[in-house]
Amino acid sequence: MMFKSLKNTIQSLEKNEISIKELSQEYIKNIKEKSTLNIFIHFDEQKILNQVEILEKDKSKKKLKGIPLAIKDLFCTKDMPTTAASKILENFKPSYESFVTQKLLDCGAIFVGKTNLDEFAMGSATDTSYFGNTINPLSKDGEPLAPGGSSGGSAAAVAANLCLGATGTDTGGSIRQPASFCGVVGIKPTYGLCSRWGIAAFASSLDQAGVFTNNTEDASILLESIAGFDERDSTSANIEIPNYFKNLNHDVVGKTIGIPKEYTIDGTPEEISRIWEEAIKVLEKNGAKIKNISLPHTKYALPTYYIIAPAEASSNLARYDGVKYGYRSSEIDSLDEMYENTRGQGFGKEVKRRILIGTYVLSAGYYDAYYLKAQKVRKLIANDFNEAFKECDLIVTPTAPSSAFPLNQEQDDPIKMYLNDVFTVPASLAGLPGISIPFGKDKNNLPLGIQILGKHFDEQQVFNTALSLEKSYE
Ligand code: GLN
């Protein structure tokens with residue numbers, strides 16, 4: 001049995017062609033078979049079967065009833081531990097459910113487990129996790145590849161057919177880049193579309209929940225299931241959530257697609273430029289108008305992001321001090337020592353680096369030169385998009401500057417790792433929705449991704465354009 005479409009599986013469940021239990025057992029089997037990929041931080045077969053039992057007795061009609069989903073281990077879940085892939089939260093058992101996971105449970109989803117990620121979502125390869133690397137399921141023998149990050153476990157779980165969809169979070173590219181590396185669809189919606197309540201915070205002005213699936217239709221179904229207003233997140237948008245799936249339409253006739261010239265950067269492999277051109281041609285053939293646009297401040301996006309994100313992280317992570325929850329060092333003779341040893345032993349190298357950078361850019365004397373300036377540049381980057389969207393409806397770019405790279409390749413060079421985010425961070429800084437869909441392969445037959453960006457809260461057109469490309473690619 002091989003299921004790849006969440007939509008079709010819902011239909012099969014509704015028609016009783018398969019039972020919830022049979023479906024779950026199939027995925028339990030797959031997860032066990034692929035355990036060496038280290039995709040899950042938490043997997044407990046009995047917990048899955050308990051959920052099945054409850055759902056099978058439930059006679060109410062639920063949209064996702066019985067669909068197996070994987071949850072990034074950054075979302076608080078009541079019945080499963082939540083670690084953020086950090087030693088400091090190794091034994092953390094939240095007493096509440098995040099907004100997003102609660103919505104999925106209300107829809108009747110089954111959680112097959114909590115997926116691996118970069119520690120506190122800081123990284124691009126799922127290699128800063130306290131629980132070890134995740135291996136990209138598309139790796140060939142002898143050369144394990146990175147699944148991308150930070151939501152690498154979730155992207156890999158979908159790619160390896162260990163679930164029919166997964167949640168992720170994206171602060172600077174953490175849904176789109178792993179989707180591209182693993183050959184699946186990943187959408188980061190507009191900042192504010194999904195509540196951040198119950199998601200361990202990294203950089204609060206950028207963090208946004210989203211989903212991974214095997215195709216665009218499924219992504220539209222899952223996104224409408226997790227979106228919505230929540231007064232516990234003051235940045236959550238109080239808007240009517242469209243029925244993305246029902247309104248899906250692959251017709252792009254008359255739409256104007258912007259192609260930003262600044263996304264042509266030195267050193268980008270020829271194959272990436274080639275698939276970008278191909279995607280543009282396909283959209284033109286499907287009836288869209290193509291327009292060259294300029295986003296002049298793009299070159300400042302990476303340095304801006306790598307000031308703002310660590311600044312917010314240093315503030316958000318101050319709460320992990322060994323007092324209220326999480327790890328506490330046992331070597332303590334004084335209060336200061338408790339803080340120092342707890343944080344020194346509890347956080348990994350990359351998280352410490354971000355805390356140090358963040359503390360530095362926020363400190364008196366450097367605040368104006370770094371943090372304040374970065375905020376001003378952020379505004380300029382957002383304005384670029386506002387101007388561009390006067391001339392076009394959507395923007396199409398590559399998702400990442402490479403395909404999946406070998407594990408550990410960039411680990412010792414943080415700057416090289418940060419360069420992975422070059423195409424994804426501008427939209428994050430502007431709070432715009434972006435999807436990555438698989439489009440084309442590189443010379444080693446590894447998937448490449450195309451990113452489609454839309455106006456604020458215009459996820460519908462982002463999905464529609466993705467569908468147009470996807471249909472022409474199949
Ligand atoms: N790779 C980026 C970083 O390390 C983005 C991470 C994310 O989106 N969570 O910050």
# chains A, B, ... in the order shown; residues from 1 in each chain; ligands from 1
call {"tool": "residues_near_ligand", "arguments": {"ligand": "ligand 1", "cutoff": "7 Å", "atoms": "only C-alpha atoms and all ligand atoms", "output": "ChimeraX atom specification"}}
result
/A:121-124,149-150,169-175,309,418,420-421
call {"tool": "residues_around", "arguments": {"residues": "Pro303 in chain A", "least_positions_apart": "3", "cutoff": "10 Å", "atoms": "only C-alpha atoms", "output": "PyMOL selection string"}}
result
chain A and resi 299-300+306-308+370+374+377+418-419+422+425
call {"tool": "write_last_selection", "arguments": {"atoms": "all heavy atoms", "output": "short mmCIF file (atom, residue, chain, number, x, y, z; two decimals), in the first residue's frame"}}
result
data_model
loop_
_atom_site.label_atom_id
_atom_site.label_comp_id
_atom_site.auth_asym_id
_atom_site.auth_seq_id
_atom_site.Cartn_x
_atom_site.Cartn_y
_atom_site.Cartn_z
N LYS A 299 20.23 42.71 -1.33
CA LYS A 299 21.59 42.32 -0.90
C LYS A 299 21.82 42.57 0.60
O LYS A 299 22.75 42.03 1.18
CB LYS A 299 22.66 43.01 -1.74
CG LYS A 299 22.65 44.53 -1.74
CD LYS A 299 23.82 45.04 -2.58
CE LYS A 299 23.84 46.54 -2.76
NZ LYS A 299 22.68 47.09 -3.51
N TYR A 300 20.97 43.36 1.21
CA TYR A 300 21.12 43.60 2.65
C TYR A 300 20.26 42.65 3.50
O TYR A 300 20.28 42.73 4.73
CB TYR A 300 20.72 45.04 2.99
CG TYR A 300 21.53 46.07 2.22
CD1 TYR A 300 20.90 46.96 1.35
CD2 TYR A 300 22.91 46.14 2.36
CE1 TYR A 300 21.63 47.89 0.62
CE2 TYR A 300 23.64 47.07 1.63
CZ TYR A 300 23.00 47.94 0.78
OH TYR A 300 23.73 48.83 0.07
N TYR A 306 20.41 38.34 9.99
CA TYR A 306 21.33 37.78 10.97
C TYR A 306 21.72 38.78 12.07
O TYR A 306 22.62 38.51 12.86
CB TYR A 306 22.52 37.10 10.29
CG TYR A 306 22.13 35.70 9.88
CD1 TYR A 306 21.71 35.40 8.58
CD2 TYR A 306 22.08 34.67 10.82
CE1 TYR A 306 21.29 34.12 8.23
CE2 TYR A 306 21.66 33.39 10.48
CZ TYR A 306 21.27 33.12 9.18
OH TYR A 306 20.85 31.85 8.86
N ILE A 307 21.05 39.92 12.10
CA ILE A 307 21.11 40.80 13.28
C ILE A 307 19.78 40.69 14.03
O ILE A 307 19.75 40.46 15.24
CB ILE A 307 21.38 42.26 12.86
CG1 ILE A 307 22.83 42.38 12.38
CG2 ILE A 307 21.10 43.22 14.02
CD1 ILE A 307 23.20 43.72 11.80
N ILE A 308 18.68 40.82 13.27
CA ILE A 308 17.37 40.85 13.94
C ILE A 308 17.03 39.49 14.58
O ILE A 308 16.59 39.44 15.74
CB ILE A 308 16.27 41.27 12.93
CG1 ILE A 308 16.49 42.73 12.55
CG2 ILE A 308 14.88 41.05 13.51
CD1 ILE A 308 15.57 43.26 11.48
N TYR A 370 23.76 48.63 15.06
CA TYR A 370 23.37 47.34 14.48
C TYR A 370 21.85 47.13 14.49
O TYR A 370 21.22 47.10 13.44
CB TYR A 370 24.06 46.18 15.23
CG TYR A 370 25.55 46.18 15.00
CD1 TYR A 370 26.43 46.58 15.99
CD2 TYR A 370 26.07 45.79 13.77
CE1 TYR A 370 27.79 46.59 15.76
CE2 TYR A 370 27.43 45.80 13.54
CZ TYR A 370 28.29 46.19 14.54
OH TYR A 370 29.64 46.20 14.31
N ALA A 374 19.41 47.77 11.42
CA ALA A 374 18.83 46.59 10.77
C ALA A 374 17.31 46.75 10.66
O ALA A 374 16.70 46.38 9.65
CB ALA A 374 19.18 45.33 11.56
N VAL A 377 16.64 48.99 7.74
CA VAL A 377 16.86 48.30 6.45
C VAL A 377 15.72 47.31 6.21
O VAL A 377 15.26 47.14 5.09
CB VAL A 377 18.23 47.61 6.43
CG1 VAL A 377 18.44 46.89 5.10
CG2 VAL A 377 19.35 48.62 6.64
N TYR A 418 24.76 30.25 6.63
CA TYR A 418 23.79 31.34 6.58
C TYR A 418 23.45 31.71 5.13
O TYR A 418 22.35 32.18 4.83
CB TYR A 418 24.32 32.60 7.32
CG TYR A 418 24.60 32.39 8.81
CD1 TYR A 418 25.34 33.32 9.53
CD2 TYR A 418 24.13 31.28 9.49
CE1 TYR A 418 25.61 33.14 10.89
CE2 TYR A 418 24.40 31.08 10.85
CZ TYR A 418 25.15 32.01 11.53
OH TYR A 418 25.41 31.83 12.86
N LEU A 419 24.40 31.47 4.21
CA LEU A 419 24.16 31.81 2.80
C LEU A 419 23.04 30.98 2.16
O LEU A 419 22.47 31.35 1.15
CB LEU A 419 25.44 31.64 1.98
CG LEU A 419 26.49 32.73 2.19
CD1 LEU A 419 27.79 32.38 1.49
CD2 LEU A 419 25.98 34.09 1.70
N VAL A 422 19.71 32.83 1.42
CA VAL A 422 19.76 34.07 0.65
C VAL A 422 18.46 34.37 -0.11
O VAL A 422 18.06 35.53 -0.21
CB VAL A 422 21.01 34.06 -0.28
CG1 VAL A 422 20.95 32.94 -1.31
CG2 VAL A 422 21.22 35.39 -0.96
N VAL A 425 15.15 34.68 3.05
CA VAL A 425 14.98 35.67 4.13
C VAL A 425 14.30 36.98 3.70
O VAL A 425 13.60 37.58 4.52
CB VAL A 425 16.27 36.01 4.90
CG1 VAL A 425 16.69 34.89 5.78
CG2 VAL A 425 17.39 36.47 4.05
#
call {"tool": "residues_around", "arguments": {"residues": "Asp79 in chain A", "least_positions_apart": "4", "cutoff": "12 Å", "atoms": "only C-alpha atoms", "output": "count of residues only"}}
result
24
call {"tool": "closest_residue", "arguments": {"among": "A:Ile226, A:Ala209, A:Val185, A:Leu162", "to": "Cys107 in chain A", "atoms": "only C-alpha atoms"}}
result
A:Ile226
call {"tool": "select_by_dssp", "arguments": {"residues": "range 156-399 of chain A", "states": "alpha helix (DSSP H)", "output": "ChimeraX atom specification"}}
result
/A:156-159,176-182,216-226,270-285,301-316,335-346,349-362,373-388
call {"tool": "residues_around", "arguments": {"residues": "Arg343 in chain A", "least_positions_apart": "3", "cutoff": "9 Å", "atoms": "only C-alpha atoms", "output": "list of chain:residue names"}}
result
A:Ile88, A:Tyr320, A:Asp321, A:Gly322, A:Tyr327, A:Arg328, A:Ser329, A:Met338, A:Tyr339, A:Glu340, A:Gly346, A:Phe347, A:Lys352
call {"tool": "closest_residue", "arguments": {"among": "A:Ala388, A:Ala279, A:Leu429, A:Leu248", "to": "Lys261 in chain A", "atoms": "only C-alpha atoms"}}
result
A:Ala388
call {"tool": "atom_distance", "arguments": {"atom1": "CA of Thr268 in chain A", "atom2": "CA of Ala179 in chain A"}}
result
18.7 Å
call {"tool": "closest_atom_pairs", "arguments": {"of": "range 263-361 of chain A", "to": "range 443-458 of chain A", "cutoff": "8 Å", "atoms": "only C-alpha atoms", "output": "Markdown table"}}
result
| residue | atom | partner | partner_atom | distance |
| --- | --- | --- | --- | --- |
| A:Glu271 | CA | A:Lys443 | CA | 7.7 |
| A:Ile272 | CA | A:Leu448 | CA | 7.3 |
| A:Ile275 | CA | A:Leu448 | CA | 7.9 |
| A:Trp276 | CA | A:Ile450 | CA | 6.9 |
| A:Ala279 | CA | A:Ile450 | CA | 7.7 |
call {"tool": "write_last_selection", "arguments": {"atoms": "all heavy atoms", "output": "PDB file, in the first residue's frame"}}
result
ATOM      1  N   GLU A 271      22.413  24.900 -13.004  1.00  0.00           N
ATOM      2  CA  GLU A 271      21.151  24.145 -13.025  1.00  0.00           C
ATOM      3  C   GLU A 271      20.020  24.915 -12.363  1.00  0.00           C
ATOM      4  O   GLU A 271      18.858  24.785 -12.740  1.00  0.00           O
ATOM      5  CB  GLU A 271      21.320  22.842 -12.231  1.00  0.00           C
ATOM      6  CG  GLU A 271      22.443  22.000 -12.729  1.00  0.00           C
ATOM      7  CD  GLU A 271      23.011  21.127 -11.648  1.00  0.00           C
ATOM      8  OE1 GLU A 271      23.613  21.677 -10.695  1.00  0.00           O
ATOM      9  OE2 GLU A 271      22.862  19.911 -11.737  1.00  0.00           O
ATOM     10  N   ILE A 272      20.386  25.707 -11.360  1.00  0.00           N
ATOM     11  CA  ILE A 272      19.346  26.452 -10.645  1.00  0.00           C
ATOM     12  C   ILE A 272      18.823  27.578 -11.528  1.00  0.00           C
ATOM     13  O   ILE A 272      17.612  27.815 -11.621  1.00  0.00           O
ATOM     14  CB  ILE A 272      19.885  26.923  -9.281  1.00  0.00           C
ATOM     15  CG1 ILE A 272      20.096  25.660  -8.444  1.00  0.00           C
ATOM     16  CG2 ILE A 272      18.960  27.943  -8.609  1.00  0.00           C
ATOM     17  CD1 ILE A 272      20.348  25.813  -7.021  1.00  0.00           C
ATOM     18  N   ILE A 275      16.475  25.876 -14.102  1.00  0.00           N
ATOM     19  CA  ILE A 275      15.098  25.510 -13.717  1.00  0.00           C
ATOM     20  C   ILE A 275      14.262  26.757 -13.453  1.00  0.00           C
ATOM     21  O   ILE A 275      13.052  26.768 -13.661  1.00  0.00           O
ATOM     22  CB  ILE A 275      15.033  24.515 -12.521  1.00  0.00           C
ATOM     23  CG1 ILE A 275      15.632  25.137 -11.267  1.00  0.00           C
ATOM     24  CG2 ILE A 275      15.637  23.184 -12.835  1.00  0.00           C
ATOM     25  CD1 ILE A 275      14.658  25.221 -10.146  1.00  0.00           C
ATOM     26  N   TRP A 276      14.927  27.817 -13.023  1.00  0.00           N
ATOM     27  CA  TRP A 276      14.210  29.087 -12.824  1.00  0.00           C
ATOM     28  C   TRP A 276      13.676  29.569 -14.182  1.00  0.00           C
ATOM     29  O   TRP A 276      12.492  29.902 -14.314  1.00  0.00           O
ATOM     30  CB  TRP A 276      15.184  30.106 -12.219  1.00  0.00           C
ATOM     31  CG  TRP A 276      14.559  31.383 -11.722  1.00  0.00           C
ATOM     32  CD1 TRP A 276      13.237  31.608 -11.466  1.00  0.00           C
ATOM     33  CD2 TRP A 276      15.250  32.600 -11.428  1.00  0.00           C
ATOM     34  NE1 TRP A 276      13.060  32.890 -11.012  1.00  0.00           N
ATOM     35  CE2 TRP A 276      14.286  33.521 -10.983  1.00  0.00           C
ATOM     36  CE3 TRP A 276      16.586  32.996 -11.482  1.00  0.00           C
ATOM     37  CZ2 TRP A 276      14.617  34.831 -10.606  1.00  0.00           C
ATOM     38  CZ3 TRP A 276      16.920  34.287 -11.101  1.00  0.00           C
ATOM     39  CH2 TRP A 276      15.954  35.190 -10.671  1.00  0.00           C
ATOM     40  N   ALA A 279      10.784  27.408 -15.284  1.00  0.00           N
ATOM     41  CA  ALA A 279       9.539  27.713 -14.564  1.00  0.00           C
ATOM     42  C   ALA A 279       8.894  28.971 -15.148  1.00  0.00           C
ATOM     43  O   ALA A 279       7.671  29.036 -15.335  1.00  0.00           O
ATOM     44  CB  ALA A 279       9.824  27.902 -13.073  1.00  0.00           C
TER      45      ALA A 279
END
call {"tool": "closest_residue", "arguments": {"among": "A:Leu74, A:Thr126, A:Lys57, A:Phe40", "to": "Ala157 in chain A", "atoms": "only C-alpha atoms"}}
result
A:Phe40
call {"tool": "residues_around", "arguments": {"residues": "Tyr371 in chain A", "least_positions_apart": "4", "cutoff": "8 Å", "atoms": "only C-alpha atoms", "output": "PyMOL selection string"}}
result
chain A and resi 307-308+311+361-362+366-367+375
call {"tool": "closest_residue", "arguments": {"among": "A:Ile241, A:Ala382, A:Leu206, A:Leu89", "to": "Tyr325 in chain A", "atoms": "only C-alpha atoms"}}
result
A:Leu89
call {"tool": "atom_distance", "arguments": {"atom1": "CA of Leu335 in chain A", "atom2": "CA of Ala203 in chain A"}}
result
27.4 Å
call {"tool": "residues_around", "arguments": {"residues": "Ser205 in chain A", "least_positions_apart": "3", "cutoff": "12 Å", "atoms": "only C-alpha atoms", "output": "list in words"}}
result
Asp170, Thr171, Gly172, Thr190, Tyr191, Gly192, Arg196, Ala201, Phe202, Gln208, Asp233, Ser234, Thr235, Ser236, Tyr305, Ile308, Ala309, Pro310, Ala311, Glu312, Ala313, Asn316, Gln375, Arg378, Ser428, Leu429, Ala430 and Gly431 of chain A
call {"tool": "closest_residue", "arguments": {"among": "A:Lys373, A:Gly66, A:Gly186, A:Asp368", "to": "Ile54 in chain A", "atoms": "only C-alpha atoms"}}
result
A:Gly66
call {"tool": "residues_around", "arguments": {"residues": "Asp127 in chain A", "least_positions_apart": "3", "cutoff": "8 Å", "atoms": "only C-alpha atoms", "output": "PyMOL selection string"}}
result
chain A and resi 117-118+123-124+132-134+146+407-408+411
call {"tool": "atom_distance", "arguments": {"atom1": "CA of Thr256 in chain A", "atom2": "CA of Glu284 in chain A"}}
result
9.4 Å
call {"tool": "closest_residue", "arguments": {"among": "A:Ser19, A:Leu49, A:Pro406, A:Lys63", "to": "Leu145 in chain A", "atoms": "only C-alpha atoms"}}
result
A:Pro406
call {"tool": "select_by_dssp", "arguments": {"residues": "range 133-266 of chain A", "states": "strand (DSSP E or B)", "output": "list in words"}}
result
Lys140, Glu143, Leu145, Gly165, Ala166, Thr167, Gly168, Thr169, Asp170, Val185, Gly186, Ile187, Lys188, Ile199, Gln208, Ala209, Gly210, Val211, Phe212, Thr213, Thr256, Ile257, Gly258, Ile259 and Pro260 of chain A
call {"tool": "decode", "arguments": {"residues": "range 63-158 of chain A", "atoms": "C-alpha atoms", "output": "mmCIF file, in the first residue's frame"}}
result
data_model
loop_
_atom_site.group_PDB
_atom_site.id
_atom_site.type_symbol
_atom_site.label_atom_id
_atom_site.label_comp_id
_atom_site.auth_asym_id
_atom_site.auth_seq_id
_atom_site.Cartn_x
_atom_site.Cartn_y
_atom_site.Cartn_z
ATOM 1 C CA LYS A 63 -12.099 16.948 8.036
ATOM 2 C CA LEU A 64 -8.820 15.103 8.622
ATOM 3 C CA LYS A 65 -10.206 12.156 10.489
ATOM 4 C CA GLY A 66 -7.454 9.582 10.732
ATOM 5 C CA ILE A 67 -4.832 11.374 8.622
ATOM 6 C CA PRO A 68 -1.330 10.721 10.003
ATOM 7 C CA LEU A 69 0.712 13.893 10.454
ATOM 8 C CA ALA A 70 4.176 14.581 11.855
ATOM 9 C CA ILE A 71 4.741 17.576 14.131
ATOM 10 C CA LYS A 72 7.932 19.609 14.280
ATOM 11 C CA ASP A 73 9.239 19.313 17.828
ATOM 12 C CA LEU A 74 8.942 23.042 18.352
ATOM 13 C CA PHE A 75 5.149 22.883 18.785
ATOM 14 C CA CYS A 76 3.980 22.200 22.321
ATOM 15 C CA THR A 77 1.968 19.003 22.531
ATOM 16 C CA LYS A 78 0.240 17.751 25.647
ATOM 17 C CA ASP A 79 0.616 14.048 25.002
ATOM 18 C CA MET A 80 4.158 14.094 23.680
ATOM 19 C CA PRO A 81 7.296 15.796 25.019
ATOM 20 C CA THR A 82 8.517 18.994 23.334
ATOM 21 C CA THR A 83 12.257 19.525 23.179
ATOM 22 C CA ALA A 84 12.990 22.159 20.482
ATOM 23 C CA ALA A 85 15.879 19.712 19.775
ATOM 24 C CA SER A 86 17.698 21.161 22.778
ATOM 25 C CA LYS A 87 19.191 19.565 25.843
ATOM 26 C CA ILE A 88 17.730 22.423 27.844
ATOM 27 C CA LEU A 89 14.202 21.135 27.096
ATOM 28 C CA GLU A 90 15.096 17.452 26.945
ATOM 29 C CA ASN A 91 12.529 16.479 29.552
ATOM 30 C CA PHE A 92 9.958 19.192 28.951
ATOM 31 C CA LYS A 93 6.355 18.012 28.967
ATOM 32 C CA PRO A 94 4.090 20.929 28.123
ATOM 33 C CA SER A 95 0.854 21.163 30.037
ATOM 34 C CA TYR A 96 -0.927 22.654 27.033
ATOM 35 C CA GLU A 97 -1.361 22.166 23.298
ATOM 36 C CA SER A 98 -0.172 24.757 20.768
ATOM 37 C CA PHE A 99 -2.855 26.565 18.775
ATOM 38 C CA VAL A 100 -1.809 24.889 15.523
ATOM 39 C CA THR A 101 -1.644 21.338 16.878
ATOM 40 C CA GLN A 102 -4.940 21.806 18.736
ATOM 41 C CA LYS A 103 -6.585 22.818 15.465
ATOM 42 C CA LEU A 104 -5.215 19.698 13.789
ATOM 43 C CA LEU A 105 -6.417 17.498 16.638
ATOM 44 C CA ASP A 106 -9.844 19.126 16.398
ATOM 45 C CA CYS A 107 -9.867 18.155 12.705
ATOM 46 C CA GLY A 108 -9.194 14.528 13.671
ATOM 47 C CA ALA A 109 -5.520 14.274 12.680
ATOM 48 C CA ILE A 110 -3.339 11.567 14.175
ATOM 49 C CA PHE A 111 0.102 12.651 15.335
ATOM 50 C CA VAL A 112 2.657 9.990 14.478
ATOM 51 C CA GLY A 113 5.442 11.752 16.364
ATOM 52 C CA LYS A 114 7.594 14.822 16.878
ATOM 53 C CA THR A 115 10.186 15.531 14.220
ATOM 54 C CA ASN A 116 13.805 16.536 14.492
ATOM 55 C CA LEU A 117 14.955 20.105 13.809
ATOM 56 C CA ASP A 118 17.894 22.394 14.329
ATOM 57 C CA GLU A 119 18.159 23.382 17.991
ATOM 58 C CA PHE A 120 15.504 26.066 18.570
ATOM 59 C CA ALA A 121 15.106 26.168 14.757
ATOM 60 C CA MET A 122 18.515 27.780 14.282
ATOM 61 C CA GLY A 123 20.152 26.268 11.235
ATOM 62 C CA SER A 124 19.723 25.096 7.659
ATOM 63 C CA ALA A 125 20.686 21.425 7.804
ATOM 64 C CA THR A 126 19.031 19.890 10.900
ATOM 65 C CA ASP A 127 22.551 19.327 12.155
ATOM 66 C CA THR A 128 22.504 21.514 15.269
ATOM 67 C CA SER A 129 19.984 19.209 16.974
ATOM 68 C CA TYR A 130 20.942 17.810 20.371
ATOM 69 C CA PHE A 131 19.451 14.530 19.109
ATOM 70 C CA GLY A 132 21.787 14.170 16.125
ATOM 71 C CA ASN A 133 21.455 14.769 12.388
ATOM 72 C CA THR A 134 18.488 13.794 10.306
ATOM 73 C CA ILE A 135 19.434 12.109 7.041
ATOM 74 C CA ASN A 136 17.707 13.175 3.854
ATOM 75 C CA PRO A 137 15.695 10.157 2.601
ATOM 76 C CA LEU A 138 16.863 10.947 -0.940
ATOM 77 C CA SER A 139 20.493 10.213 0.006
ATOM 78 C CA LYS A 140 22.257 7.653 -2.148
ATOM 79 C CA ASP A 141 24.314 4.864 -0.599
ATOM 80 C CA GLY A 142 27.514 6.032 0.940
ATOM 81 C CA GLU A 143 26.788 9.730 0.943
ATOM 82 C CA PRO A 144 24.260 10.896 3.510
ATOM 83 C CA LEU A 145 22.740 14.226 2.544
ATOM 84 C CA ALA A 146 21.292 16.971 4.732
ATOM 85 C CA PRO A 147 17.515 17.371 4.609
ATOM 86 C CA GLY A 148 17.839 21.139 4.940
ATOM 87 C CA GLY A 149 16.631 22.932 8.002
ATOM 88 C CA SER A 150 15.499 23.857 10.417
ATOM 89 C CA SER A 151 12.337 21.807 9.778
ATOM 90 C CA GLY A 152 14.401 19.019 8.181
ATOM 91 C CA GLY A 153 12.709 16.222 10.122
ATOM 92 C CA SER A 154 9.251 17.285 8.956
ATOM 93 C CA ALA A 155 10.293 17.651 5.302
ATOM 94 C CA ALA A 156 12.079 14.291 5.450
ATOM 95 C CA ALA A 157 9.061 12.639 7.102
ATOM 96 C CA VAL A 158 6.844 13.626 4.172
#
